[in-house]
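Novice: Starting off with a structure, shown below.
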Amino acid sequence: MKLKILVLGGDGIGPEVTNEAVAVLKDVAEAGEHEFTFTERRIGGVAIVQDGTPLPADTLNEALASDAVLLGAVGGNEFNSLPPDQRPEAGLLKIRSALGGFANLRPAFAYKELAANSPLRQEIVEGADILFVRELLGGLYFGTPREWNKATGESWNTMRYTRDEVARVARVAFKLAQNRRKKLTSVDKANVLEVSQLWRATVNEIAFEFPDVAVEHQYVDAMAMHLMNQPRNYDVVLTENLFGDILSDESAVITGSLGMLPSATIGGKVNLYEPVHGSAPDIAGKGLANPLGAILTAALILRHSAGLETEAHAIETAVRKVLETEYRTPDLARANPNAFVVLSTTAMGAQVRETLQNILAVRS
Ligand code: NAD
Ligand code: IPM
Ligand code: MN
């Protein structure tokens, strides 16, 4: 199997966590005699500083010529006063749009071993296994008009969707639900917003194509609460762009840390893989970042861009097995630091790789 992967570490902890994910992928390639090639380019704040733009043309060209793109995170406090279209985040939105993936899969899984790290009671979180399907190319992020008119003191963004944009992401979510527990919860604000009424009507229409999947609708405000009260109630959760951004970070409370969450964006020309978390300027450069979200993102590359399900599963098993030990990054030891051996980003990566080597050795 040949795979050309573009690595965009980005800013803050981005490169720290993608380094660990790449090391894991290199081990998988070696063990299975696969040919994975890795190319690096700049995006975000580092690209603003060195190239004068958050998404250099060369980065985008490389991305379009790759089989998969692995992105760490972008953003930094020094760019916070820039207007949205000049910030590091603009580079991320531009590459998302150019690669064309519209379905952002964000699994949130409550590992038994991390239950104590959640402020929710163990019996609430244990067994929770949710797959958020976040629409990634529409809504407020891309809708026009958008403006901050400083002269009049007005500003506006536009939450805009077409029926086709809703239909295509809904189909992805229904198909995924068919291979899971066959339940789909669609999130909207149809009691207030026309755009949500279109969303709900379209989801109901697409539901006829998937009679084996049970559909329910929740308003986003109530959903934010239900997710904390009864996370095990949810299987596939389908959302528009901003609602999915917010609810997926909230789901870090179920999992125990934002640093655990992976994502894959599919449906376009080239799939884009990013951990859910950001550049975490508060801990960057100190070896404190949890690389497991990025490593689980590497597993999603193997699953969705390479068809290497066995290897993807091996990575996920290795992560779970490490969590069964006393090893934790600081964010995962929060609840009771004295009970654990606290590891740096690279040391945690090394633990996963050692465990993975054993799993791969048994299988070969
Ligand atoms: P953040 O996700 O960077 O951090 C939120 C909190 O979670 C922080 O306390 C951070 O230390 C912690 N955290 C995040 N990832 C962690 C990890 N792997 N291990 C341990 N702890 C972790 O969100 P923020 O602070 O609101 O944003 C910082 C910057 O990141 C902003 O510029 C934002 O726009 C950007 N951002 C980028 C992406 C992306 O590139 N995909 C995603 C989210 C935020
Ligand atoms: C995420 C991030 C991004 C988003 C930002 C940095 C543009 O929060 O990937 O969740 O809002 O999509
Ligand atoms: Mn986010």
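By order in the structure tokens, chains are A, B, ...; within a chain, residues start at 1; ligands start at 1, following the order shown.
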Would you give me, as CSV, each residue of region 174-266 of chain A having an atom within 8 Å of an atom of region 276-291 of chain A, along with its shortest atom pair and that distance in Å to one decimal, using only C-alpha atoms and sorting by chain and residue number?
Specialist:
residue,atom,partner,partner_atom,distance
A:Ser248,CA,A:Val276,CA,7.8
A:Asp249,CA,A:Val276,CA,7.5
A:Leu258,CA,A:His277,CA,5.9
A:Gly259,CA,A:Asn290,CA,5.3
A:Met260,CA,A:Asn290,CA,7.3
A:Leu261,CA,A:Val276,CA,5.6
A:Pro262,CA,A:Val276,CA,5.7
A:Ser263,CA,A:Val276,CA,6.1
Novice: Tell me, as a list in words, which residues lie within 9 Å of Leu3 (chain A), counting only C-alpha atoms; anything in the same chain fewer than 2 positions away does not count.
Specialist: Met1, Ile5, His34, Glu35, Phe36, Thr37, Phe38, Ser66, Asp67, Ala68, Ser305 and Ala306 of chain A
Novice: Can you build me a table of chain A residues sitting at most 8 Å from ligand 2, with the closest atom pair per residue and its distance in Å to one decimal, using only C-alpha atoms and all ligand atoms, sorted by chain and residue number, as CSV?
Specialist:
residue,atom,partner,partner_atom_place_in_ligand_line,distance
A:Ala73,CA,ligand 2,6 (C),7.5
A:Val74,CA,ligand 2,6 (C),6.6
A:Gly75,CA,ligand 2,6 (C),7.0
A:Glu89,CA,ligand 2,7 (C),4.9
A:Ala90,CA,ligand 2,7 (C),7.1
A:Leu92,CA,ligand 2,7 (C),6.3
A:Leu93,CA,ligand 2,7 (C),6.2
A:Leu136,CA,ligand 2,12 (O),7.4
A:Tyr141,CA,ligand 2,11 (O),7.9
A:Asn241,CA,ligand 2,12 (O),7.5
A:Leu242,CA,ligand 2,11 (O),6.9
A:Asp245,CA,ligand 2,10 (O),5.0
A:Ile246,CA,ligand 2,10 (O),7.7
A:Ser248,CA,ligand 2,10 (O),7.7
A:Asp249,CA,ligand 2,10 (O),7.4
A:Glu274,CA,ligand 2,9 (O),7.5
A:Pro275,CA,ligand 2,9 (O),7.8
A:Val276,CA,ligand 2,10 (O),5.4
A:His277,CA,ligand 2,10 (O),6.5
A:Gly278,CA,ligand 2,2 (C),6.4
Novice: Write the residues you've just listed into a file as a tab-separated table (two decimals), in the first residue's frame, and include N, CA, C and O atoms for each of them.
Specialist:
chain	number	residue	atom	x	y	z
A	73	ALA	N	-2.56	21.98	14.35
A	73	ALA	CA	-3.47	23.05	14.77
A	73	ALA	C	-2.88	24.37	14.33
A	73	ALA	O	-1.68	24.47	14.09
A	74	VAL	N	-3.73	25.39	14.21
A	74	VAL	CA	-3.23	26.72	13.88
A	74	VAL	C	-3.74	27.73	14.91
A	74	VAL	O	-4.74	27.49	15.59
A	75	GLY	N	-3.04	28.85	14.99
A	75	GLY	CA	-3.51	29.93	15.87
A	75	GLY	C	-2.52	30.25	16.96
A	75	GLY	O	-1.78	29.38	17.43
A	89	GLU	N	-6.33	31.09	11.39
A	89	GLU	CA	-7.53	30.27	11.20
A	89	GLU	C	-8.08	30.40	9.78
A	89	GLU	O	-8.73	29.48	9.27
A	90	ALA	N	-7.81	31.56	9.12
A	90	ALA	CA	-8.28	31.74	7.74
A	90	ALA	C	-7.60	30.72	6.83
A	90	ALA	O	-8.20	30.22	5.87
A	92	LEU	N	-6.72	27.73	7.67
A	92	LEU	CA	-7.38	26.44	7.89
A	92	LEU	C	-8.70	26.36	7.13
A	92	LEU	O	-8.99	25.36	6.45
A	93	LEU	N	-9.48	27.43	7.21
A	93	LEU	CA	-10.77	27.42	6.50
A	93	LEU	C	-10.56	27.33	4.99
A	93	LEU	O	-11.31	26.65	4.28
A	136	LEU	N	-18.94	20.80	7.42
A	136	LEU	CA	-17.72	21.60	7.59
A	136	LEU	C	-17.54	22.74	6.59
A	136	LEU	O	-16.64	23.56	6.75
A	141	TYR	N	-19.55	29.93	8.97
A	141	TYR	CA	-18.13	30.01	8.62
A	141	TYR	C	-17.89	30.51	7.21
A	141	TYR	O	-16.88	31.12	6.92
A	241	ASN	N	-22.28	23.41	10.95
A	241	ASN	CA	-20.87	23.69	11.22
A	241	ASN	C	-20.58	24.22	12.63
A	241	ASN	O	-19.82	23.61	13.40
A	242	LEU	N	-21.21	25.31	13.02
A	242	LEU	CA	-20.87	25.92	14.33
A	242	LEU	C	-21.39	25.08	15.49
A	242	LEU	O	-20.71	24.92	16.51
A	245	ASP	N	-18.98	22.36	16.05
A	245	ASP	CA	-17.74	22.85	16.66
A	245	ASP	C	-17.91	22.91	18.17
A	245	ASP	O	-17.08	22.42	18.94
A	246	ILE	N	-19.01	23.47	18.60
A	246	ILE	CA	-19.24	23.67	20.03
A	246	ILE	C	-19.50	22.34	20.74
A	246	ILE	O	-18.89	22.03	21.77
A	248	SER	N	-18.72	19.32	19.87
A	248	SER	CA	-17.62	18.36	19.91
A	248	SER	C	-16.60	18.73	20.99
A	248	SER	O	-16.06	17.86	21.65
A	249	ASP	N	-16.35	20.02	21.20
A	249	ASP	CA	-15.49	20.39	22.34
A	249	ASP	C	-16.17	20.00	23.65
A	249	ASP	O	-15.51	19.53	24.58
A	274	GLU	N	-7.44	16.01	11.38
A	274	GLU	CA	-6.98	16.94	12.42
A	274	GLU	C	-7.48	16.48	13.78
A	274	GLU	O	-8.64	16.09	13.89
A	275	PRO	N	-6.64	16.54	14.81
A	275	PRO	CA	-7.22	16.40	16.13
A	275	PRO	C	-8.20	17.56	16.35
A	275	PRO	O	-8.08	18.59	15.70
A	276	VAL	N	-9.15	17.38	17.27
A	276	VAL	CA	-10.18	18.40	17.47
A	276	VAL	C	-9.62	19.64	18.17
A	276	VAL	O	-10.06	20.76	17.93
A	277	HIS	N	-8.61	19.43	19.01
A	277	HIS	CA	-8.10	20.55	19.82
A	277	HIS	C	-7.35	21.58	18.99
A	277	HIS	O	-7.02	21.34	17.82
A	278	GLY	N	-7.04	22.72	19.63
A	278	GLY	CA	-6.32	23.79	18.97
A	278	GLY	C	-4.84	23.79	19.30
A	278	GLY	O	-4.29	22.76	19.71
Novice: Which residue, A:Asp212, A:Asp221, A:Glu30, A:Glu78, has the smallest gap to ligand 1 when you use only C-alpha atoms and all ligand atoms?
Specialist: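 Counting only C-alpha atoms and all ligand atoms, the residue closest to ligand 1 is A:Glu78.
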Novice: Using only C-alpha atoms, pick whichever of A:Arg41, A:Arg168, A:Lys94, A:Arg232 has the shortest atom-to-atom distance to Gly72 (chain A).
Specialist: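 Residue with the minimum atom-to-atom distance to Gly72 (chain A): A:Arg41.
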Novice: My list of candidates is A:Pro330, A:Gly293, A:Asp51, A:Val28. Which is closest to Glu354 (chain A) when distances are computed with only C-alpha atoms?
Specialist: A:Val28
Novice: So which residues of region 115-349 of chain A fall under strand (DSSP E or B) by DSSP, listed as a ChimeraX atom specification?
Specialist: /A:129-135,147-149,154-156,183-188,214-219,236-239,264-266,271-273,327-328,341-342
Novice: Please write the residues from the selection above to a file, keeping N, CA, C and O atoms, as a short mmCIF file (atom, residue, chain, number, x, y, z; two decimals), in the first residue's frame.
Specialist:
data_model
loop_
_atom_site.label_atom_id
_atom_site.label_comp_id
_atom_site.auth_asym_id
_atom_site.auth_seq_id
_atom_site.Cartn_x
_atom_site.Cartn_y
_atom_site.Cartn_z
N ASP A 129 -20.33 6.39 23.47
CA ASP A 129 -19.62 6.19 22.21
C ASP A 129 -20.41 6.95 21.14
O ASP A 129 -21.39 6.44 20.59
N ILE A 130 -19.98 8.17 20.89
CA ILE A 130 -20.74 9.08 20.00
C ILE A 130 -19.90 9.38 18.77
O ILE A 130 -18.67 9.53 18.86
N LEU A 131 -20.55 9.48 17.63
CA LEU A 131 -19.86 9.95 16.43
C LEU A 131 -20.55 11.23 15.95
O LEU A 131 -21.67 11.19 15.43
N PHE A 132 -19.88 12.36 16.17
CA PHE A 132 -20.41 13.62 15.63
C PHE A 132 -20.08 13.67 14.15
O PHE A 132 -18.96 13.37 13.74
N VAL A 133 -21.09 14.03 13.36
CA VAL A 133 -20.85 14.32 11.94
C VAL A 133 -21.18 15.80 11.78
O VAL A 133 -22.34 16.21 11.81
N ARG A 134 -20.11 16.58 11.66
CA ARG A 134 -20.23 18.04 11.61
C ARG A 134 -20.10 18.50 10.16
O ARG A 134 -19.08 18.21 9.51
N GLU A 135 -21.10 19.21 9.67
CA GLU A 135 -20.99 19.79 8.33
C GLU A 135 -19.86 20.82 8.39
O GLU A 135 -19.79 21.61 9.33
N GLU A 147 -19.48 40.82 7.41
CA GLU A 147 -18.79 42.11 7.49
C GLU A 147 -18.81 42.66 8.91
O GLU A 147 -19.73 42.38 9.67
N TRP A 148 -17.78 43.44 9.23
CA TRP A 148 -17.82 44.30 10.40
C TRP A 148 -17.68 45.71 9.86
O TRP A 148 -16.61 46.11 9.41
N ASN A 149 -18.78 46.43 9.85
CA ASN A 149 -18.78 47.79 9.32
C ASN A 149 -18.49 48.76 10.47
O ASN A 149 -19.36 49.07 11.27
N GLU A 154 -22.04 48.21 12.86
CA GLU A 154 -22.83 46.99 12.67
C GLU A 154 -21.90 45.88 12.20
O GLU A 154 -20.90 46.15 11.53
N SER A 155 -22.30 44.65 12.45
CA SER A 155 -21.55 43.55 11.86
C SER A 155 -22.46 42.35 11.70
O SER A 155 -23.44 42.21 12.44
N TRP A 156 -22.19 41.55 10.69
CA TRP A 156 -23.07 40.41 10.45
C TRP A 156 -22.34 39.26 9.78
O TRP A 156 -21.37 39.43 9.06
N LYS A 183 -28.88 4.78 15.08
CA LYS A 183 -29.64 5.90 15.61
C LYS A 183 -28.96 7.20 15.18
O LYS A 183 -27.74 7.33 15.29
N LEU A 184 -29.75 8.14 14.68
CA LEU A 184 -29.20 9.42 14.27
C LEU A 184 -29.96 10.55 14.97
O LEU A 184 -31.19 10.60 14.93
N THR A 185 -29.19 11.42 15.63
CA THR A 185 -29.78 12.60 16.26
C THR A 185 -29.34 13.82 15.47
O THR A 185 -28.14 14.08 15.36
N SER A 186 -30.28 14.54 14.90
CA SER A 186 -29.94 15.74 14.14
C SER A 186 -30.17 16.96 15.03
O SER A 186 -31.21 17.07 15.69
N VAL A 187 -29.19 17.84 15.04
CA VAL A 187 -29.21 19.00 15.94
C VAL A 187 -29.49 20.26 15.14
O VAL A 187 -28.86 20.49 14.10
N ASP A 188 -30.41 21.08 15.62
CA ASP A 188 -30.70 22.33 14.91
C ASP A 188 -31.29 23.36 15.87
O ASP A 188 -31.29 23.15 17.09
N ALA A 214 -33.12 4.95 13.06
CA ALA A 214 -34.08 5.76 13.82
C ALA A 214 -33.57 7.20 13.88
O ALA A 214 -32.41 7.43 14.20
N VAL A 215 -34.45 8.15 13.56
CA VAL A 215 -34.05 9.56 13.54
C VAL A 215 -34.74 10.32 14.65
O VAL A 215 -35.92 10.13 14.90
N GLU A 216 -33.99 11.20 15.29
CA GLU A 216 -34.64 12.15 16.20
C GLU A 216 -34.01 13.52 15.98
O GLU A 216 -32.90 13.62 15.45
N HIS A 217 -34.74 14.55 16.38
CA HIS A 217 -34.24 15.92 16.25
C HIS A 217 -34.15 16.53 17.64
O HIS A 217 -35.01 16.29 18.48
N GLN A 218 -33.08 17.28 17.87
CA GLN A 218 -32.94 18.00 19.14
C GLN A 218 -32.55 19.44 18.83
O GLN A 218 -31.75 19.69 17.92
N TYR A 219 -33.09 20.35 19.64
CA TYR A 219 -32.62 21.73 19.56
C TYR A 219 -31.23 21.79 20.20
O TYR A 219 -30.97 21.09 21.19
N VAL A 236 -24.99 8.46 16.37
CA VAL A 236 -24.48 9.45 15.42
C VAL A 236 -25.22 10.77 15.67
O VAL A 236 -26.45 10.78 15.77
N VAL A 237 -24.47 11.84 15.79
CA VAL A 237 -25.06 13.16 16.02
C VAL A 237 -24.67 14.06 14.84
O VAL A 237 -23.49 14.33 14.62
N LEU A 238 -25.67 14.48 14.09
CA LEU A 238 -25.47 15.27 12.87
C LEU A 238 -25.73 16.74 13.16
O LEU A 238 -26.79 17.10 13.70
N THR A 239 -24.76 17.59 12.81
CA THR A 239 -24.90 19.01 13.13
C THR A 239 -24.43 19.90 11.99
O THR A 239 -23.61 19.50 11.17
N ALA A 264 -11.71 13.28 11.23
CA ALA A 264 -11.44 13.01 9.81
C ALA A 264 -12.47 13.76 9.00
O ALA A 264 -13.66 13.72 9.33
N THR A 265 -12.03 14.44 7.95
CA THR A 265 -12.96 15.15 7.08
C THR A 265 -12.96 14.48 5.71
O THR A 265 -11.93 14.43 5.04
N ILE A 266 -14.13 13.97 5.34
CA ILE A 266 -14.23 13.16 4.13
C ILE A 266 -15.24 13.76 3.15
O ILE A 266 -16.01 14.66 3.50
N ASN A 271 -8.88 13.84 1.71
CA ASN A 271 -9.35 13.85 3.09
C ASN A 271 -8.37 14.61 3.99
O ASN A 271 -7.16 14.53 3.81
N LEU A 272 -8.94 15.29 4.97
CA LEU A 272 -8.14 16.12 5.88
C LEU A 272 -8.32 15.57 7.30
O LEU A 272 -9.45 15.34 7.74
N TYR A 273 -7.21 15.38 7.99
CA TYR A 273 -7.25 14.75 9.32
C TYR A 273 -6.67 15.71 10.35
O TYR A 273 -5.54 16.17 10.20
N TYR A 327 0.42 5.11 32.98
CA TYR A 327 0.99 6.25 32.25
C TYR A 327 -0.07 7.24 31.79
O TYR A 327 -1.09 6.87 31.22
N ARG A 328 0.19 8.50 32.05
CA ARG A 328 -0.74 9.57 31.67
C ARG A 328 0.03 10.82 31.26
O ARG A 328 1.07 11.12 31.85
N VAL A 341 1.94 7.79 36.64
CA VAL A 341 3.26 8.22 36.18
C VAL A 341 3.00 9.20 35.04
O VAL A 341 2.42 8.83 34.01
N VAL A 342 3.39 10.45 35.25
CA VAL A 342 3.06 11.49 34.27
C VAL A 342 4.17 11.57 33.21
O VAL A 342 5.35 11.69 33.54
#
Novice: Report the distance between CA of Val213 (chain A) and CA of Tyr111 (chain A) in Å, rounded to one decimal place.
Specialist: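 CA of Tyr111 (chain A) lies 25.7 Å from CA of Val213 (chain A).
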Novice: Contacts of Glu326 (chain A) at 8 Å or less, counting only C-alpha atoms, minus same-chain residues fewer than 2 places along, as a list in words?
Specialist: Val322, Leu323, Glu324, Arg328, Ala339, Phe340 and Val341 of chain A
Novice: Can you measure CA of Ser257 (chain A) to CA of Glu20 (chain A) for me? One decimal in Å is fine.
Specialist: 17.7 Å
